[in-house]
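Engineer: This one is upload03.tsv, TSV, N, CA and C atoms.
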```tsv
chain	number	residue	atom	x	y	z
A	1	MET	N	23.06	-14.22	100.58
A	1	MET	CA	21.86	-13.45	100.32
A	1	MET	C	21.98	-12.80	98.94
A	2	PRO	N	21.16	-13.18	97.98
A	2	PRO	CA	21.26	-12.60	96.64
A	2	PRO	C	20.70	-11.18	96.59
A	3	LEU	N	20.99	-10.52	95.50
A	3	LEU	CA	20.51	-9.18	95.22
A	3	LEU	C	19.36	-9.30	94.23
A	4	ASP	N	18.23	-8.68	94.51
A	4	ASP	CA	17.09	-8.71	93.58
A	4	ASP	C	17.33	-7.66	92.50
A	5	LEU	N	17.30	-8.09	91.25
A	5	LEU	CA	17.54	-7.20	90.11
A	5	LEU	C	16.29	-7.11	89.26
A	6	GLU	N	15.91	-5.88	88.93
A	6	GLU	CA	14.84	-5.64	87.96
A	6	GLU	C	15.35	-4.68	86.92
A	7	ILE	N	15.11	-5.00	85.66
A	7	ILE	CA	15.43	-4.10	84.56
A	7	ILE	C	14.12	-3.78	83.87
A	8	VAL	N	13.82	-2.49	83.80
A	8	VAL	CA	12.54	-2.01	83.29
A	8	VAL	C	12.80	-1.04	82.15
A	9	SER	N	12.05	-1.20	81.06
A	9	SER	CA	12.07	-0.23	79.97
A	9	SER	C	10.77	0.56	80.04
A	10	PRO	N	10.62	1.62	79.25
A	10	PRO	CA	9.35	2.35	79.28
A	10	PRO	C	8.15	1.46	78.92
A	11	GLU	N	8.39	0.40	78.15
A	11	GLU	CA	7.31	-0.46	77.71
A	11	GLU	C	6.91	-1.54	78.71
A	12	ARG	N	7.95	-2.11	79.41
A	12	ARG	CA	7.63	-3.27	80.23
A	12	ARG	C	8.79	-3.67	81.14
A	13	LEU	N	8.49	-4.60	82.04
A	13	LEU	CA	9.51	-5.22	82.86
A	13	LEU	C	10.26	-6.21	81.97
A	14	LEU	N	11.57	-6.04	81.86
A	14	LEU	CA	12.37	-6.89	80.98
A	14	LEU	C	12.98	-8.09	81.70
A	15	LEU	N	13.33	-7.89	82.96
A	15	LEU	CA	14.03	-8.95	83.68
A	15	LEU	C	13.81	-8.73	85.17
A	16	SER	N	13.57	-9.82	85.87
A	16	SER	CA	13.45	-9.78	87.33
A	16	SER	C	14.00	-11.09	87.85
A	17	ARG	N	15.14	-11.00	88.57
A	17	ARG	CA	15.77	-12.23	89.07
A	17	ARG	C	16.79	-11.91	90.14
A	18	PRO	N	17.07	-12.88	90.98
A	18	PRO	CA	18.15	-12.68	91.97
A	18	PRO	C	19.51	-12.92	91.31
A	19	VAL	N	20.49	-12.14	91.70
A	19	VAL	CA	21.87	-12.29	91.20
A	19	VAL	C	22.83	-12.09	92.36
A	20	ASP	N	24.05	-12.57	92.20
A	20	ASP	CA	25.08	-12.35	93.20
A	20	ASP	C	25.62	-10.92	93.12
A	21	MET	N	25.74	-10.42	91.88
A	21	MET	CA	26.27	-9.08	91.65
A	21	MET	C	25.77	-8.60	90.29
A	22	VAL	N	25.62	-7.29	90.15
A	22	VAL	CA	25.31	-6.69	88.85
A	22	VAL	C	26.28	-5.53	88.65
A	23	VAL	N	26.79	-5.42	87.43
A	23	VAL	CA	27.65	-4.30	87.06
A	23	VAL	C	26.88	-3.47	86.04
A	24	ILE	N	26.71	-2.18	86.36
A	24	ILE	CA	25.93	-1.30	85.50
A	24	ILE	C	26.83	-0.21	84.93
A	25	PRO	N	26.49	0.28	83.71
A	25	PRO	CA	27.28	1.36	83.11
A	25	PRO	C	26.84	2.72	83.63
A	26	ALA	N	27.30	3.07	84.82
A	26	ALA	CA	26.96	4.35	85.42
A	26	ALA	C	27.67	5.48	84.67
A	27	ALA	N	27.13	6.67	84.75
A	27	ALA	CA	27.71	7.81	84.04
A	27	ALA	C	29.16	8.06	84.44
A	28	GLU	N	29.49	7.79	85.68
A	28	GLU	CA	30.85	8.05	86.18
A	28	GLU	C	31.79	6.86	85.97
A	29	GLY	N	31.28	5.75	85.43
A	29	GLY	CA	32.08	4.55	85.21
A	29	GLY	C	31.29	3.33	85.63
A	30	ASP	N	31.77	2.15	85.28
A	30	ASP	CA	31.07	0.93	85.65
A	30	ASP	C	30.97	0.82	87.16
A	31	LEU	N	29.81	0.38	87.63
A	31	LEU	CA	29.53	0.31	89.06
A	31	LEU	C	29.03	-1.09	89.39
A	32	GLY	N	29.74	-1.77	90.27
A	32	GLY	CA	29.32	-3.09	90.72
A	32	GLY	C	28.50	-2.98	91.98
A	33	ALA	N	27.36	-3.65	92.00
A	33	ALA	CA	26.49	-3.65	93.18
A	33	ALA	C	26.40	-5.07	93.72
A	34	LEU	N	26.64	-5.18	95.01
A	34	LEU	CA	26.55	-6.44	95.75
A	34	LEU	C	25.51	-6.27	96.85
A	35	PRO	N	25.06	-7.38	97.46
A	35	PRO	CA	24.17	-7.23	98.61
A	35	PRO	C	24.80	-6.31	99.67
A	36	ASN	N	23.97	-5.55	100.36
A	36	ASN	CA	24.38	-4.59	101.38
A	36	ASN	C	25.08	-3.36	100.83
A	37	HIS	N	24.88	-3.09	99.53
A	37	HIS	CA	25.46	-1.89	98.92
A	37	HIS	C	24.81	-0.65	99.53
A	38	ALA	N	25.56	0.42	99.61
A	38	ALA	CA	25.01	1.69	100.10
A	38	ALA	C	23.93	2.18	99.14
A	39	PRO	N	22.82	2.68	99.65
A	39	PRO	CA	21.76	3.17	98.78
A	39	PRO	C	22.21	4.36	97.93
A	40	MET	N	21.81	4.36	96.67
A	40	MET	CA	22.12	5.47	95.77
A	40	MET	C	21.27	5.39	94.51
A	41	ILE	N	21.18	6.51	93.84
A	41	ILE	CA	20.55	6.58	92.52
A	41	ILE	C	21.62	7.12	91.59
A	42	VAL	N	21.82	6.43	90.45
A	42	VAL	CA	22.87	6.83	89.51
A	42	VAL	C	22.29	6.98	88.11
A	43	LEU	N	22.89	7.89	87.36
A	43	LEU	CA	22.58	8.08	85.96
A	43	LEU	C	23.35	7.04	85.16
A	44	LEU	N	22.70	6.44	84.15
A	44	LEU	CA	23.37	5.45	83.32
A	44	LEU	C	23.81	6.06	82.00
A	45	ARG	N	24.90	5.55	81.47
A	45	ARG	CA	25.33	5.87	80.11
A	45	ARG	C	25.05	4.64	79.26
A	46	GLY	N	25.19	4.75	77.97
A	46	GLY	CA	25.02	3.58	77.11
A	46	GLY	C	26.09	2.55	77.42
A	47	GLY	N	25.69	1.28	77.48
A	47	GLY	CA	26.65	0.22	77.75
A	47	GLY	C	25.96	-1.05	78.20
A	48	LEU	N	26.75	-1.99	78.65
A	48	LEU	CA	26.24	-3.31	79.03
A	48	LEU	C	25.99	-3.41	80.53
A	49	VAL	N	24.82	-3.94	80.87
A	49	VAL	CA	24.53	-4.37	82.24
A	49	VAL	C	24.94	-5.83	82.29
A	50	ARG	N	25.80	-6.18	83.25
A	50	ARG	CA	26.29	-7.56	83.36
A	50	ARG	C	25.80	-8.18	84.65
A	51	LEU	N	25.20	-9.36	84.55
A	51	LEU	CA	24.68	-10.09	85.70
A	51	LEU	C	25.65	-11.20	86.05
A	52	PHE	N	25.95	-11.34	87.35
A	52	PHE	CA	26.92	-12.32	87.82
A	52	PHE	C	26.29	-13.31	88.79
A	53	GLU	N	26.71	-14.55	88.67
A	53	GLU	CA	26.44	-15.60	89.67
A	53	GLU	C	27.69	-16.44	89.77
A	54	GLY	N	28.12	-16.74	90.98
A	54	GLY	CA	29.31	-17.57	91.19
A	54	GLY	C	30.55	-16.99	90.55
A	55	GLY	N	30.65	-15.66	90.47
A	55	GLY	CA	31.82	-15.03	89.89
A	55	GLY	C	31.86	-15.01	88.38
A	56	GLN	N	30.80	-15.51	87.74
A	56	GLN	CA	30.75	-15.59	86.27
A	56	GLN	C	29.61	-14.73	85.73
A	57	VAL	N	29.84	-14.12	84.56
A	57	VAL	CA	28.77	-13.38	83.89
A	57	VAL	C	27.77	-14.40	83.36
A	58	ILE	N	26.51	-14.26	83.76
A	58	ILE	CA	25.48	-15.20	83.31
A	58	ILE	C	24.55	-14.59	82.27
A	59	ASP	N	24.54	-13.27	82.18
A	59	ASP	CA	23.69	-12.61	81.20
A	59	ASP	C	24.18	-11.18	81.03
A	60	ARG	N	23.86	-10.60	79.86
A	60	ARG	CA	24.20	-9.21	79.57
A	60	ARG	C	23.03	-8.57	78.85
A	61	LEU	N	22.88	-7.27	79.04
A	61	LEU	CA	21.82	-6.53	78.38
A	61	LEU	C	22.37	-5.14	78.06
A	62	PHE	N	22.19	-4.70	76.82
A	62	PHE	CA	22.65	-3.37	76.43
A	62	PHE	C	21.58	-2.34	76.76
A	63	VAL	N	21.97	-1.24	77.40
A	63	VAL	CA	21.06	-0.14	77.68
A	63	VAL	C	21.62	1.12	77.02
A	64	THR	N	20.71	1.97	76.54
A	64	THR	CA	21.15	3.21	75.91
A	64	THR	C	21.32	4.34	76.91
A	65	GLY	N	20.85	4.16	78.11
A	65	GLY	CA	20.92	5.17	79.16
A	65	GLY	C	19.79	4.95	80.13
A	66	GLY	N	19.62	5.85	81.08
A	66	GLY	CA	18.55	5.74	82.05
A	66	GLY	C	19.07	6.03	83.45
A	67	PHE	N	18.45	5.39	84.43
A	67	PHE	CA	18.81	5.54	85.84
A	67	PHE	C	18.83	4.17	86.50
A	68	ALA	N	19.51	4.08	87.62
A	68	ALA	CA	19.46	2.87	88.44
A	68	ALA	C	19.32	3.29	89.89
A	69	GLU	N	18.47	2.58	90.61
A	69	GLU	CA	18.34	2.77	92.05
A	69	GLU	C	18.93	1.54	92.71
A	70	ILE	N	19.85	1.76	93.63
A	70	ILE	CA	20.54	0.67	94.32
A	70	ILE	C	20.22	0.78	95.81
A	71	THR	N	19.84	-0.34	96.40
A	71	THR	CA	19.69	-0.42	97.85
A	71	THR	C	20.51	-1.62	98.32
A	72	GLY	N	20.46	-1.91	99.59
A	72	GLY	CA	21.22	-3.04	100.12
A	72	GLY	C	20.74	-4.39	99.64
A	73	SER	N	19.50	-4.46	99.14
A	73	SER	CA	18.96	-5.76	98.72
A	73	SER	C	18.41	-5.77	97.30
A	74	ARG	N	18.42	-4.60	96.61
A	74	ARG	CA	17.75	-4.52	95.32
A	74	ARG	C	18.46	-3.52	94.40
A	75	VAL	N	18.46	-3.84	93.10
A	75	VAL	CA	18.89	-2.91	92.06
A	75	VAL	C	17.76	-2.84	91.04
A	76	THR	N	17.29	-1.62	90.79
A	76	THR	CA	16.27	-1.41	89.77
A	76	THR	C	16.87	-0.52	88.70
A	77	VAL	N	16.95	-1.05	87.48
A	77	VAL	CA	17.48	-0.32	86.34
A	77	VAL	C	16.28	0.17	85.54
A	78	LEU	N	16.19	1.49	85.38
A	78	LEU	CA	15.14	2.11	84.56
A	78	LEU	C	15.81	2.54	83.27
A	79	ALA	N	15.76	1.67	82.26
A	79	ALA	CA	16.50	1.89	81.02
A	79	ALA	C	15.67	2.67	80.01
A	80	ASP	N	16.32	3.62	79.34
A	80	ASP	CA	15.65	4.33	78.24
A	80	ASP	C	15.28	3.32	77.15
A	81	GLU	N	16.23	2.49	76.79
A	81	GLU	CA	16.04	1.37	75.85
A	81	GLU	C	16.94	0.24	76.33
A	82	ALA	N	16.52	-0.98	76.11
A	82	ALA	CA	17.34	-2.13	76.47
A	82	ALA	C	17.17	-3.22	75.43
A	83	MET	N	18.27	-3.93	75.14
A	83	MET	CA	18.21	-5.01	74.14
A	83	MET	C	19.34	-6.00	74.39
A	84	ALA	N	19.14	-7.20	73.89
A	84	ALA	CA	20.19	-8.21	73.96
A	84	ALA	C	21.39	-7.73	73.14
A	85	PRO	N	22.61	-8.00	73.58
A	85	PRO	CA	23.79	-7.54	72.84
A	85	PRO	C	23.80	-7.99	71.38
A	86	ASN	N	23.30	-9.20	71.10
A	86	ASN	CA	23.31	-9.68	69.71
A	86	ASN	C	22.25	-9.00	68.85
A	87	ALA	N	21.36	-8.22	69.47
A	87	ALA	CA	20.35	-7.46	68.72
A	87	ALA	C	20.80	-6.03	68.45
A	88	VAL	N	21.97	-5.65	68.97
A	88	VAL	CA	22.49	-4.30	68.77
A	88	VAL	C	23.08	-4.21	67.37
A	89	SER	N	22.69	-3.18	66.64
A	89	SER	CA	23.10	-3.01	65.25
A	89	SER	C	24.15	-1.92	65.11
A	90	ARG	N	25.24	-2.26	64.45
A	90	ARG	CA	26.27	-1.26	64.16
A	90	ARG	C	25.70	-0.13	63.31
A	91	GLU	N	24.89	-0.49	62.31
A	91	GLU	CA	24.30	0.51	61.42
A	91	GLU	C	23.41	1.48	62.19
A	92	GLU	N	22.62	0.96	63.13
A	92	GLU	CA	21.77	1.82	63.95
A	92	GLU	C	22.62	2.71	64.84
A	93	GLY	N	23.69	2.17	65.39
A	93	GLY	CA	24.60	2.97	66.20
A	93	GLY	C	25.23	4.10	65.39
A	94	GLU	N	25.63	3.79	64.16
A	94	GLU	CA	26.23	4.82	63.31
A	94	GLU	C	25.19	5.88	62.92
A	95	ARG	N	23.95	5.47	62.68
A	95	ARG	CA	22.89	6.42	62.36
A	95	ARG	C	22.64	7.35	63.55
A	96	ARG	N	22.57	6.76	64.75
A	96	ARG	CA	22.34	7.56	65.96
A	96	ARG	C	23.52	8.50	66.23
A	97	LEU	N	24.73	8.02	65.98
A	97	LEU	CA	25.91	8.86	66.20
A	97	LEU	C	25.90	10.06	65.26
A	98	ALA	N	25.59	9.83	63.99
A	98	ALA	CA	25.53	10.94	63.02
A	98	ALA	C	24.46	11.95	63.41
A	99	ALA	N	23.30	11.47	63.84
A	99	ALA	CA	22.21	12.37	64.25
A	99	ALA	C	22.60	13.18	65.48
A	100	ALA	N	23.21	12.54	66.46
A	100	ALA	CA	23.62	13.24	67.68
A	100	ALA	C	24.74	14.24	67.38
A	101	GLN	N	25.66	13.87	66.50
A	101	GLN	CA	26.75	14.77	66.13
A	101	GLN	C	26.19	15.99	65.40
A	102	ALA	N	25.23	15.78	64.51
A	102	ALA	CA	24.60	16.90	63.79
A	102	ALA	C	23.87	17.81	64.77
A	103	GLU	N	23.18	17.21	65.74
A	103	GLU	CA	22.48	18.01	66.75
A	103	GLU	C	23.48	18.85	67.55
A	104	TYR	N	24.57	18.23	67.95
A	104	TYR	CA	25.59	18.94	68.71
A	104	TYR	C	26.19	20.08	67.88
A	105	ASP	N	26.53	19.78	66.63
A	105	ASP	CA	27.16	20.78	65.76
A	105	ASP	C	26.27	21.99	65.53
A	106	SER	N	24.95	21.77	65.46
A	106	SER	CA	24.03	22.88	65.16
A	106	SER	C	23.51	23.57	66.43
A	107	ALA	N	23.83	23.05	67.59
A	107	ALA	CA	23.31	23.61	68.84
A	107	ALA	C	24.01	24.91	69.20
A	108	ASP	N	23.28	25.75	69.93
A	108	ASP	CA	23.84	26.96	70.52
A	108	ASP	C	24.86	26.50	71.57
A	109	LYS	N	26.11	26.88	71.40
A	109	LYS	CA	27.18	26.40	72.28
A	109	LYS	C	27.08	26.95	73.70
A	110	THR	N	26.14	27.86	73.94
A	110	THR	CA	25.92	28.34	75.31
A	110	THR	C	24.78	27.60	75.99
A	111	ASP	N	24.10	26.72	75.25
A	111	ASP	CA	22.96	25.96	75.80
A	111	ASP	C	23.48	24.63	76.34
A	112	VAL	N	24.00	24.66	77.55
A	112	VAL	CA	24.68	23.51	78.14
A	112	VAL	C	23.78	22.27	78.25
A	113	PRO	N	22.52	22.38	78.67
A	113	PRO	CA	21.68	21.17	78.72
A	113	PRO	C	21.52	20.48	77.36
A	114	VAL	N	21.36	21.26	76.30
A	114	VAL	CA	21.23	20.68	74.95
A	114	VAL	C	22.53	20.02	74.54
A	115	LEU	N	23.66	20.68	74.82
A	115	LEU	CA	24.96	20.09	74.48
A	115	LEU	C	25.21	18.81	75.27
A	116	ASP	N	24.89	18.83	76.56
A	116	ASP	CA	25.07	17.63	77.39
A	116	ASP	C	24.22	16.47	76.88
A	117	ALA	N	22.97	16.74	76.50
A	117	ALA	CA	22.09	15.68	75.99
A	117	ALA	C	22.62	15.11	74.69
A	118	ALA	N	23.10	15.97	73.79
A	118	ALA	CA	23.66	15.49	72.52
A	118	ALA	C	24.91	14.66	72.77
A	119	MET	N	25.75	15.10	73.72
A	119	MET	CA	26.96	14.34	74.03
A	119	MET	C	26.62	12.98	74.63
A	120	ALA	N	25.60	12.93	75.48
A	120	ALA	CA	25.17	11.64	76.05
A	120	ALA	C	24.68	10.71	74.95
A	121	ARG	N	23.95	11.24	73.97
A	121	ARG	CA	23.48	10.41	72.85
A	121	ARG	C	24.65	9.94	71.98
A	122	MET	N	25.66	10.79	71.82
A	122	MET	CA	26.85	10.37	71.06
A	122	MET	C	27.56	9.23	71.79
A	123	GLN	N	27.71	9.36	73.11
A	123	GLN	CA	28.37	8.31	73.88
A	123	GLN	C	27.59	7.01	73.79
A	124	SER	N	26.28	7.10	73.90
A	124	SER	CA	25.44	5.91	73.82
A	124	SER	C	25.57	5.25	72.45
A	125	ALA	N	25.58	6.06	71.39
A	125	ALA	CA	25.72	5.51	70.03
A	125	ALA	C	27.08	4.85	69.86
A	126	ARG	N	28.13	5.45	70.41
A	126	ARG	CA	29.47	4.83	70.33
A	126	ARG	C	29.49	3.50	71.07
A	127	ALA	N	28.83	3.45	72.23
A	127	ALA	CA	28.75	2.19	72.98
A	127	ALA	C	27.98	1.15	72.18
A	128	MET	N	26.95	1.58	71.47
A	128	MET	CA	26.16	0.66	70.65
A	128	MET	C	27.04	0.08	69.53
A	129	ILE	N	27.82	0.94	68.89
A	129	ILE	CA	28.72	0.48	67.81
A	129	ILE	C	29.74	-0.51	68.37
A	130	GLU	N	30.33	-0.19	69.52
A	130	GLU	CA	31.32	-1.07	70.14
A	130	GLU	C	30.70	-2.41	70.51
A	131	THR	N	29.51	-2.38	71.08
A	131	THR	CA	28.82	-3.63	71.46
A	131	THR	C	28.54	-4.49	70.23
A	132	ALA	N	28.09	-3.84	69.15
A	132	ALA	CA	27.81	-4.59	67.90
A	132	ALA	C	29.09	-5.20	67.34
A	133	GLN	N	30.18	-4.47	67.38
A	133	GLN	CA	31.45	-5.00	66.88
A	133	GLN	C	31.91	-6.19	67.71
A	134	ASN	N	31.76	-6.10	69.02
A	134	ASN	CA	32.20	-7.20	69.90
A	134	ASN	C	31.28	-8.41	69.84
A	135	ALA	N	30.04	-8.22	69.40
A	135	ALA	CA	29.10	-9.33	69.29
A	135	ALA	C	29.28	-10.10	67.99
A	136	THR	N	29.99	-9.49	67.02
A	136	THR	CA	30.19	-10.14	65.72
A	136	THR	C	31.23	-11.24	65.88
A	137	PRO	N	30.90	-12.47	65.40
A	137	PRO	CA	31.87	-13.56	65.53
A	137	PRO	C	33.12	-13.36	64.70
```
Once more with this new file: its structure as structure tokens, please.

Structural biologist:
Amino acid sequence: MPLDLEIVSPERLLLSRPVDMVVIPAAEGDLGALPNHAPMIVLLRGGLVRLFEGGQVIDRLFVTGGFAEITGSRVTVLADEAMAPNAVSREEGERRLAAAQAEYDSADKTDVPVLDAAMARMQSARAMIETAQNATP
């Protein structure tokens, strides 16, 4: 019994297909979802969503963050932004990292939500840089 996977960005449905397993970059670490998984909603960090069939990765998609809803038969990824790994730019990652670092540095250190958001953007930018480096031949 396959798992129905949908990846949605704010603009549109990006992908809808059955898979054997999907590994998502959850905030607490990579999370593999298989059919009959316990229901949950998780926060995503920047990183790669990996789709599996027959024990092999068949596709990957970079997400900058978002949420995922997992049920026993379906995974819905609500991505802030999503792109093919080969479309991820090191320069854009470095630009985003500098902007997030500047935001963090200038923030009121007692404003925890602002600091957390800036740190999440820094992590996402670092993941973008790493993905771009690994995609380079």

Engineer: Go through A:Leu31, A:Thr71, A:Leu48, A:Pro18 and flag the residue nearest Ala135 (chain A), using only C-alpha atoms for the distances.

Structural biologist: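 Among the listed residues, the smallest separation from Ala135 (chain A) belongs to A:Leu48.
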
Engineer: Which residue is closest to Glu81 (chain A)? Choose from A:Met1, A:Met119, A:Ala99, A:Ser9 and count only N, CA and C atoms.

Structural biologist: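 Of the candidates, the smallest distance to Glu81 (chain A) is held by A:Ser9.
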
Engineer: Just how far from CA of Ala132 (chain A) is atom C of Leu14 (chain A), in Å to one decimal?

Structural biologist: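 Between atom C of Leu14 (chain A) and CA of Ala132 (chain A) the gap is 20.6 Å.
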
Engineer: For region 44-69 of chain A against region 121-127 of chain A, with a cut-off of 8 Å and counting only N, CA and C atoms, what is the closest atom pair and its distance in Å to one decimal for every residue that makes the cut, ordered by chain and number, as CSV?

Structural biologist:
```
residue,atom,partner,partner_atom,distance
A:Arg45,C,A:Ser124,CA,5.6
A:Gly46,CA,A:Ser124,CA,4.1
A:Gly47,N,A:Ala127,CA,5.5
A:Leu48,N,A:Ala127,C,7.3
A:Val63,C,A:Ser124,CA,6.9
A:Thr64,C,A:Ser124,CA,5.4
A:Gly65,N,A:Ser124,CA,6.5
```

Engineer: Tell me, in Å to one decimal, how far CA of Glu94 (chain A) is from CA of Gly32 (chain A).

Structural biologist: 28.7 Å

Engineer: Calculated over all atoms listed in the file, which of the candidates A:Ser73, A:Ser89, A:Asn134, A:Thr110 has the smallest distance to Pro35 (chain A)?

Structural biologist: A:Ser73

Engineer: Please measure the separation of CA of Ala26 (chain A) and atom N of Asp111 (chain A), giving the value in Å to one decimal.

Structural biologist: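 Separating CA of Ala26 (chain A) from atom N of Asp111 (chain A) is a distance of 24.7 Å.
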
Engineer: Name all residues at most 8 Å from Leu34 (chain A) (count only C-alpha atoms; drop same-chain ones fewer than 3 positions away) and give them as a short mmCIF file (atom, residue, chain, number, x, y, z; two decimals) with N, CA and C atoms, in the frame of the given file.

Structural biologist:
```cif
data_model
loop_
_atom_site.label_atom_id
_atom_site.label_comp_id
_atom_site.auth_asym_id
_atom_site.auth_seq_id
_atom_site.Cartn_x
_atom_site.Cartn_y
_atom_site.Cartn_z
N LEU A 3 20.99 -10.52 95.50
CA LEU A 3 20.51 -9.18 95.22
C LEU A 3 19.36 -9.30 94.23
N ASP A 20 24.05 -12.57 92.20
CA ASP A 20 25.08 -12.35 93.20
C ASP A 20 25.62 -10.92 93.12
N MET A 21 25.74 -10.42 91.88
CA MET A 21 26.27 -9.08 91.65
C MET A 21 25.77 -8.60 90.29
N VAL A 22 25.62 -7.29 90.15
CA VAL A 22 25.31 -6.69 88.85
C VAL A 22 26.28 -5.53 88.65
N HIS A 37 24.88 -3.09 99.53
CA HIS A 37 25.46 -1.89 98.92
C HIS A 37 24.81 -0.65 99.53
N GLY A 72 20.46 -1.91 99.59
CA GLY A 72 21.22 -3.04 100.12
C GLY A 72 20.74 -4.39 99.64
#
```

Engineer: So which bits of region 28-84 of chain A end up strand (DSSP E or B) when you DSSP the backbone, as a ChimeraX atom specification?

Structural biologist: /A:29-33,40-44,47-53,56-63,66-70,74-79,82-83

Engineer: Between A:Leu15, A:Val8, A:Pro39, A:Pro85, which has the minimum distance to Thr131 (chain A) (counting all atoms listed in the file)?

Structural biologist: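 Looking at the shortest contact to Thr131 (chain A), the residue is A:Pro85.
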
Engineer: Pick out the closest residue to Ala100 (chain A) from this set: A:Ala117, A:Ile7, A:Val42, A:Ala33. Count only N, CA and C atoms.

Structural biologist: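 Closest candidate: A:Ala117.
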
Engineer: As an NGL selection string, list the residues of chain A assigned to alpha helix (DSSP H) by DSSP on the backbone atoms of this structure.

Structural biologist: :A and (90-106 or 112-135)

Engineer: Nearest to Met128 (chain A) among A:Leu115, A:Leu5, A:Ala82, A:Val57, with distances taken over only C-alpha atoms: which residue is it?

Structural biologist: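 The answer is A:Ala82, which sits nearest to Met128 (chain A).
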